[in-house]
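Structure file data.txt (compact mmCIF, C-alpha atoms) is printed below.
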# COMPACT_ATOMS: atom_id res chain seq x y z
CA MET Q 16 -1.96 -32.88 15.91
CA LYS Q 17 -2.92 -36.07 14.10
CA ASN Q 18 -6.06 -37.82 15.32
CA ALA Q 19 -5.23 -41.39 16.28
CA VAL Q 20 -6.57 -44.54 17.89
CA PHE Q 21 -4.21 -46.55 20.07
CA ASN Q 22 -4.54 -50.35 19.93
CA TRP Q 23 -4.22 -51.23 23.61
CA SER Q 24 -3.25 -54.66 24.96
CA GLY Q 25 -2.77 -53.63 28.57
CA GLY Q 26 0.83 -54.89 28.66
CA LYS Q 27 4.27 -53.35 28.84
CA ASP Q 28 5.07 -52.86 25.13
CA SER Q 29 1.66 -51.34 24.56
CA ALA Q 30 2.15 -49.00 27.52
CA LEU Q 31 5.63 -47.99 26.34
CA ALA Q 32 4.40 -47.30 22.80
CA LEU Q 33 1.52 -45.23 24.19
CA TRP Q 34 3.89 -43.26 26.40
CA GLN Q 35 6.18 -42.53 23.46
CA ALA Q 36 3.26 -41.55 21.21
CA VAL Q 37 1.86 -39.19 23.84
CA SER Q 38 5.30 -37.74 24.61
CA SER Q 39 5.97 -37.02 20.93
CA GLY Q 40 3.22 -34.39 20.86
CA GLU Q 41 2.27 -35.52 17.35
CA TYR Q 42 -0.99 -37.31 18.14
CA ARG Q 43 -4.33 -36.61 19.74
CA ILE Q 44 -5.37 -40.07 20.86
CA VAL Q 45 -9.17 -40.16 20.81
CA SER Q 46 -9.54 -43.72 22.11
CA LEU Q 47 -7.81 -46.86 23.25
CA LEU Q 48 -9.04 -49.88 21.28
CA THR Q 49 -9.01 -53.39 22.77
CA THR Q 50 -10.29 -56.72 21.45
CA VAL Q 51 -11.91 -59.01 24.00
CA ASN Q 52 -13.06 -62.63 23.80
CA ARG Q 53 -16.86 -62.54 23.93
CA ASP Q 54 -17.05 -65.79 25.91
CA THR Q 55 -14.46 -65.03 28.60
CA GLU Q 56 -14.82 -61.22 28.60
CA ARG Q 57 -11.04 -61.02 28.76
CA SER Q 58 -8.43 -59.75 26.31
CA SER Q 59 -7.22 -62.48 23.96
CA MET Q 60 -3.67 -63.49 24.97
CA HIS Q 61 -3.14 -61.37 28.06
CA GLY Q 62 -6.37 -62.56 29.66
CA ILE Q 63 -7.08 -59.16 31.26
CA PRO Q 64 -10.74 -58.80 32.32
CA ILE Q 65 -12.79 -55.92 30.96
CA ASN Q 66 -13.09 -54.16 34.32
CA LEU Q 67 -9.30 -53.92 34.67
CA LEU Q 68 -8.93 -52.69 31.08
CA GLU Q 69 -11.49 -50.02 31.93
CA ARG Q 70 -9.60 -49.06 35.09
CA GLN Q 71 -6.37 -48.73 33.10
CA ALA Q 72 -8.13 -46.41 30.64
CA GLU Q 73 -9.66 -44.34 33.44
CA SER Q 74 -6.27 -43.83 35.06
CA ILE Q 75 -4.66 -43.02 31.69
CA GLY Q 76 -7.45 -40.56 30.90
CA ILE Q 77 -8.30 -41.82 27.40
CA PRO Q 78 -11.68 -43.41 26.54
CA LEU Q 79 -11.69 -47.18 25.92
CA THR Q 80 -13.45 -48.84 22.99
CA ILE Q 81 -13.95 -52.59 23.34
CA LEU Q 82 -14.48 -54.97 20.43
CA GLU Q 83 -16.02 -58.22 21.65
CA LEU Q 84 -15.08 -61.06 19.31
CA PRO Q 85 -16.19 -64.69 19.02
CA SER Q 86 -13.56 -67.27 19.95
CA GLY Q 87 -11.15 -68.23 17.17
CA GLU Q 88 -12.95 -66.51 14.30
CA MET Q 89 -10.62 -64.35 12.20
CA ALA Q 90 -13.52 -63.29 9.98
CA GLY Q 91 -15.27 -61.93 13.06
CA TYR Q 92 -12.17 -59.94 13.97
CA GLU Q 93 -11.81 -58.45 10.51
CA SER Q 94 -15.49 -57.50 10.32
CA ALA Q 95 -15.51 -55.89 13.76
CA MET Q 96 -12.27 -54.04 13.05
CA SER Q 97 -13.59 -52.74 9.73
CA GLN Q 98 -16.67 -51.35 11.46
CA ALA Q 99 -14.50 -49.74 14.15
CA VAL Q 100 -12.21 -48.17 11.53
CA GLU Q 101 -15.16 -46.68 9.68
CA ARG Q 102 -16.61 -45.31 12.92
CA PHE Q 103 -13.32 -43.70 13.93
CA MET Q 104 -12.75 -42.30 10.44
CA SER Q 105 -16.07 -40.48 10.74
CA GLN Q 106 -14.51 -38.77 13.79
CA GLY Q 107 -11.51 -37.63 11.76
CA VAL Q 108 -9.12 -40.42 12.78
CA ASP Q 109 -6.57 -41.42 10.14
CA HIS Q 110 -3.81 -43.02 12.25
CA PHE Q 111 -3.83 -46.32 14.17
CA ILE Q 112 -0.97 -46.81 16.65
CA PHE Q 113 0.39 -50.23 17.68
CA GLY Q 114 3.10 -51.52 20.02
CA ASP Q 115 4.80 -54.04 17.70
CA ILE Q 116 8.59 -54.33 17.67
CA PHE Q 117 9.84 -56.50 14.82
CA LEU Q 118 7.20 -59.04 13.68
CA HIS Q 119 7.01 -58.12 10.00
CA ASP Q 120 4.11 -60.44 9.21
CA VAL Q 121 2.00 -58.80 11.92
CA ARG Q 122 2.78 -55.30 10.69
CA SER Q 123 2.13 -56.30 7.06
CA TYR Q 124 -1.26 -57.70 8.09
CA ARG Q 125 -2.18 -54.47 9.88
CA GLU Q 126 -1.15 -52.36 6.89
CA LYS Q 127 -3.04 -54.63 4.49
CA GLN Q 128 -6.21 -54.27 6.55
CA LEU Q 129 -5.96 -50.51 7.14
CA SER Q 130 -4.42 -49.08 3.98
CA PRO Q 131 -7.63 -49.47 1.89
CA TYR Q 132 -9.25 -47.00 4.30
CA GLY Q 133 -6.40 -44.52 3.98
CA VAL Q 134 -5.42 -45.16 7.59
CA THR Q 135 -1.71 -44.89 8.46
CA VAL Q 136 -0.16 -47.54 10.74
CA VAL Q 137 2.14 -46.03 13.37
CA GLU Q 138 4.64 -48.19 15.28
CA PRO Q 139 6.60 -46.13 17.88
CA LEU Q 140 8.79 -49.09 18.91
CA TRP Q 141 9.52 -50.35 15.41
CA GLY Q 142 13.10 -50.69 14.21
CA LYS Q 143 14.72 -51.18 17.61
CA SER Q 144 16.04 -54.43 18.96
CA SER Q 145 14.21 -56.10 21.85
CA ALA Q 146 17.15 -55.23 24.10
CA GLU Q 147 16.83 -51.54 23.17
CA VAL Q 148 13.08 -51.57 23.72
CA MET Q 149 13.53 -53.23 27.09
CA GLU Q 150 16.09 -50.60 28.09
CA ASP Q 151 13.62 -47.86 27.11
CA TYR Q 152 10.96 -49.63 29.17
CA LEU Q 153 13.19 -49.94 32.25
CA GLU Q 154 14.02 -46.23 32.05
CA SER Q 155 10.38 -45.17 31.49
CA GLY Q 156 9.13 -45.72 35.03
CA LEU Q 157 6.33 -48.02 33.85
CA LYS Q 158 5.47 -50.93 36.13
CA THR Q 159 4.21 -54.32 34.97
CA THR Q 160 3.81 -57.86 36.22
CA VAL Q 161 3.86 -61.15 34.30
CA ILE Q 162 0.39 -62.71 33.99
CA THR Q 163 0.85 -65.25 31.16
CA THR Q 164 3.75 -67.45 30.06
CA GLU Q 165 4.22 -69.88 27.17
CA SER Q 166 5.00 -73.08 29.07
CA ASP Q 167 7.76 -74.32 26.75
CA ALA Q 168 9.67 -71.07 27.30
CA LEU Q 169 8.93 -70.02 30.88
CA GLY Q 170 7.53 -72.02 33.76
CA ARG Q 171 4.73 -71.32 36.17
CA GLU Q 172 7.18 -69.71 38.61
CA TRP Q 173 7.54 -66.69 36.32
CA ILE Q 174 3.91 -65.70 36.83
CA GLY Q 175 3.64 -62.67 39.11
CA ARG Q 176 7.18 -61.45 38.58
CA THR Q 177 7.86 -57.76 38.13
CA ILE Q 178 9.63 -56.68 34.94
CA ASP Q 179 12.91 -55.21 36.14
CA ARG Q 180 16.62 -55.66 35.44
CA ARG Q 181 16.80 -58.80 37.55
CA PHE Q 182 13.95 -60.31 35.54
CA VAL Q 183 15.78 -59.60 32.27
CA ASP Q 184 19.09 -60.94 33.60
CA GLU Q 185 17.46 -64.21 34.70
CA LEU Q 186 15.55 -64.97 31.49
CA PRO Q 187 16.58 -68.32 29.98
CA SER Q 188 18.72 -68.32 26.86
CA GLY Q 189 16.63 -68.03 23.72
CA VAL Q 190 13.76 -66.12 25.34
CA ASP Q 191 13.22 -62.71 23.75
CA PRO Q 192 13.72 -59.98 26.40
CA CYS Q 193 10.37 -58.41 25.50
CA GLY Q 194 8.57 -61.70 24.98
CA GLU Q 195 7.98 -60.68 21.37
CA ASN Q 196 7.66 -64.31 20.30
CA GLY Q 197 4.86 -64.89 22.78
CA GLU Q 198 7.04 -66.17 25.64
CA TYR Q 199 5.21 -64.01 28.19
CA HIS Q 200 2.56 -61.31 28.55
CA THR Q 201 2.13 -58.64 31.19
CA PHE Q 202 -0.27 -56.28 32.93
CA CYS Q 203 0.83 -52.64 33.24
CA TYR Q 204 -0.51 -50.95 36.36
CA ASP Q 205 1.52 -47.81 37.02
CA GLY Q 206 3.93 -45.30 35.52
CA PRO Q 207 4.01 -41.93 33.75
CA ILE Q 208 0.89 -42.51 31.62
CA PHE Q 209 -1.24 -43.27 34.70
CA SER Q 210 -2.76 -40.71 37.05
CA ARG Q 211 -2.85 -43.35 39.80
CA PRO Q 212 -1.84 -47.02 40.15
CA VAL Q 213 -4.35 -49.65 39.05
CA SER Q 214 -4.85 -52.12 41.88
CA PHE Q 215 -5.17 -55.81 41.04
CA SER Q 216 -4.68 -59.28 42.49
CA LEU Q 217 -3.45 -62.57 41.08
CA GLY Q 218 -5.43 -65.68 41.96
CA GLU Q 219 -4.97 -69.28 40.92
CA THR Q 220 -2.59 -70.04 38.03
CA VAL Q 221 -3.95 -72.49 35.47
CA LYS Q 222 -2.50 -74.18 32.40
CA LYS Q 223 -4.42 -74.10 29.11
CA CYS Q 224 -3.45 -75.64 25.77
CA PHE Q 225 -4.58 -74.65 22.28
CA PRO Q 226 -4.16 -76.39 18.91
CA VAL Q 227 -2.79 -74.06 16.22
CA LYS Q 228 -2.77 -74.87 12.51
CA LEU Q 229 0.58 -74.01 10.92
CA ASP Q 230 1.21 -72.71 7.40
CA ASP Q 231 2.19 -76.19 6.16
CA GLY Q 232 -1.18 -77.58 7.25
CA THR Q 233 0.10 -79.41 10.30
CA GLU Q 234 -1.17 -78.71 13.79
CA LYS Q 235 0.89 -77.77 16.84
CA ARG Q 236 -0.27 -77.64 20.43
CA TYR Q 237 0.72 -74.56 22.46
CA CYS Q 238 0.34 -74.48 26.24
CA TYR Q 239 0.27 -71.41 28.49
CA TRP Q 240 0.18 -70.61 32.18
CA PHE Q 241 -2.49 -68.00 32.96
CA ALA Q 242 -2.84 -66.07 36.21
CA ASP Q 243 -6.41 -65.36 37.25
CA ILE Q 244 -6.00 -61.58 37.42
CA SER Q 245 -8.78 -59.53 38.97
CA GLU Q 246 -9.43 -56.35 40.97
Could you express the structure from this file as structure tokens?
Amino acid sequence: MKNAVFNWSGGKDSALALWQAVSSGEYRIVSLLTTVNRDTERSSMHGIPINLLERQAESIGIPLTILELPSGEMAGYESAMSQAVERFMSQGVDHFIFGDIFLHDVRSYREKQLSPYGVTVVEPLWGKSSAEVMEDYLESGLKTTVITTESDALGREWIGRTIDRRFVDELPSGVDPCGENGEYHTFCYDGPIFSRPVSFSLGETVKKCFPVKLDDGTEKRYCYWFADISE
């Protein structure tokens, strides 16, 4: 079996990719790897607190490695990831697994960062359409709830919804079924990779906006609804 690290977000695509990687019998996954904002102690876009990420890992039965990163510093991310790669390579790891579907720029970035170390990028969901991935998810038995939405795509009322066929059928036109363009993010709490469900609660929903500099030098403001998810 190939020694691998799985890059864990805590959401549905990540859980599905992990389930497929484990089911393939090709990989011995030595650790889940998650990046967390040092200031909030929550995962970057999903906003999952460290204690819930740890509870997911405990139920899955794979150790969790957390990289705490400063807010908005790509250099900090790259430095921390490089150190993590070197540490895992010393343990015989030469594969990093991700849950991307079709964002070529994201995959190219991962390969650019990891190929100098001789690390192979593995993408179990790659090459399928979002509709196909969603069908695989619905058939997997995994259970997730929506905890973040991009406000221009989905309103506050979508927070807390379960990902099921009704959810997919009711998505507005133009929204990717898997939320691959950032329309929504989820928390996975049960299913075949878990030994027991991960309990959680959703508190107040708040709206936060962030300025993002685009490739042409202009700036665009993105706003999101975040559920205050906790144990």
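Atom pair atom CA of Q:Ile44 / atom CA of Q:Phe215 has a distance of 25.6 Å (rounded to one decimal).
Relative to atom CA of Q:Gly232, atom CA of Q:Tyr199 is found at 25.8 Å.
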Residues near Q:Ala19, cut-off 12 Å, only C-alpha atoms, skip fewer than 3 positions along chain, as number ranges by chain:
Q: 16, 22, 33, 36-37, 40-48, 77, 100, 103-104, 106-113, 134-137
Tell me which protein, DNA and RNA residues are within 9 Å of Q:Thr160, counting all atoms listed in the file, leaving out same-chain ones fewer than 5 positions away, and put them as JSON, numbers by chain.
{"Q": [26, 27, 174, 175, 176, 177, 178, 200, 201, 202, 203, 204]}
As number ranges by chain, please: the residues near Q:Ser74 (cut-off 7 Å, only C-alpha atoms, same-chain neighbours under 2 positions excluded).
Q: 70-72, 76, 209-211
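Distance check against Q:Ile162 using all atoms listed in the file: of Q:Lys222, Q:Arg122, Q:Lys228, Q:Arg102, the minimum falls on Q:Lys222.
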Near Q:Leu84, within 12 Å and counting only C-alpha atoms, which residues show up once chain neighbours fewer than 6 positions away are dropped, as a PyMOL selection string?
chain Q and resi 49-59+90-96
With C-alpha atoms retained, write the just-selected residues as an mmCIF file, keeping the file's coordinate frame.
data_model
loop_
_atom_site.group_PDB
_atom_site.id
_atom_site.type_symbol
_atom_site.label_atom_id
_atom_site.label_comp_id
_atom_site.auth_asym_id
_atom_site.auth_seq_id
_atom_site.Cartn_x
_atom_site.Cartn_y
_atom_site.Cartn_z
ATOM 1 C CA THR Q 49 -9.010 -53.390 22.770
ATOM 2 C CA THR Q 50 -10.290 -56.720 21.450
ATOM 3 C CA VAL Q 51 -11.910 -59.010 24.000
ATOM 4 C CA ASN Q 52 -13.060 -62.630 23.800
ATOM 5 C CA ARG Q 53 -16.860 -62.540 23.930
ATOM 6 C CA ASP Q 54 -17.050 -65.790 25.910
ATOM 7 C CA THR Q 55 -14.460 -65.030 28.600
ATOM 8 C CA GLU Q 56 -14.820 -61.220 28.600
ATOM 9 C CA ARG Q 57 -11.040 -61.020 28.760
ATOM 10 C CA SER Q 58 -8.430 -59.750 26.310
ATOM 11 C CA SER Q 59 -7.220 -62.480 23.960
ATOM 12 C CA ALA Q 90 -13.520 -63.290 9.980
ATOM 13 C CA GLY Q 91 -15.270 -61.930 13.060
ATOM 14 C CA TYR Q 92 -12.170 -59.940 13.970
ATOM 15 C CA GLU Q 93 -11.810 -58.450 10.510
ATOM 16 C CA SER Q 94 -15.490 -57.500 10.320
ATOM 17 C CA ALA Q 95 -15.510 -55.890 13.760
ATOM 18 C CA MET Q 96 -12.270 -54.040 13.050
#
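Of the residues under consideration (Q:Trp23, Q:Asn196, Q:Leu68, Q:Pro212), Q:Leu68 shows the shortest atom-to-atom contact distance to Q:Ser245 when counting all atoms listed in the file.
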Box centre and edge lengths (Å, one decimal), axis-aligned, stretch 178-181 of chain Q plus 4 Å each side, as AutoDock Vina command-line options:
--center_x 13.2 --center_y -57.0 --center_z 36.2 --size_x 15.2 --size_y 11.6 --size_z 10.6
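Counting all atoms listed in the file, the residue from Q:Asp151, Q:Glu126, Q:Asp243, Q:Glu198 that sits nearest to Q:Thr220 is Q:Asp243.
Of the residues listed (Q:Glu150, Q:Asp184, Q:Glu101, Q:Glu73), Q:Glu101 shows the shortest atom-to-atom separation from Q:Tyr132; distances use all atoms listed in the file.
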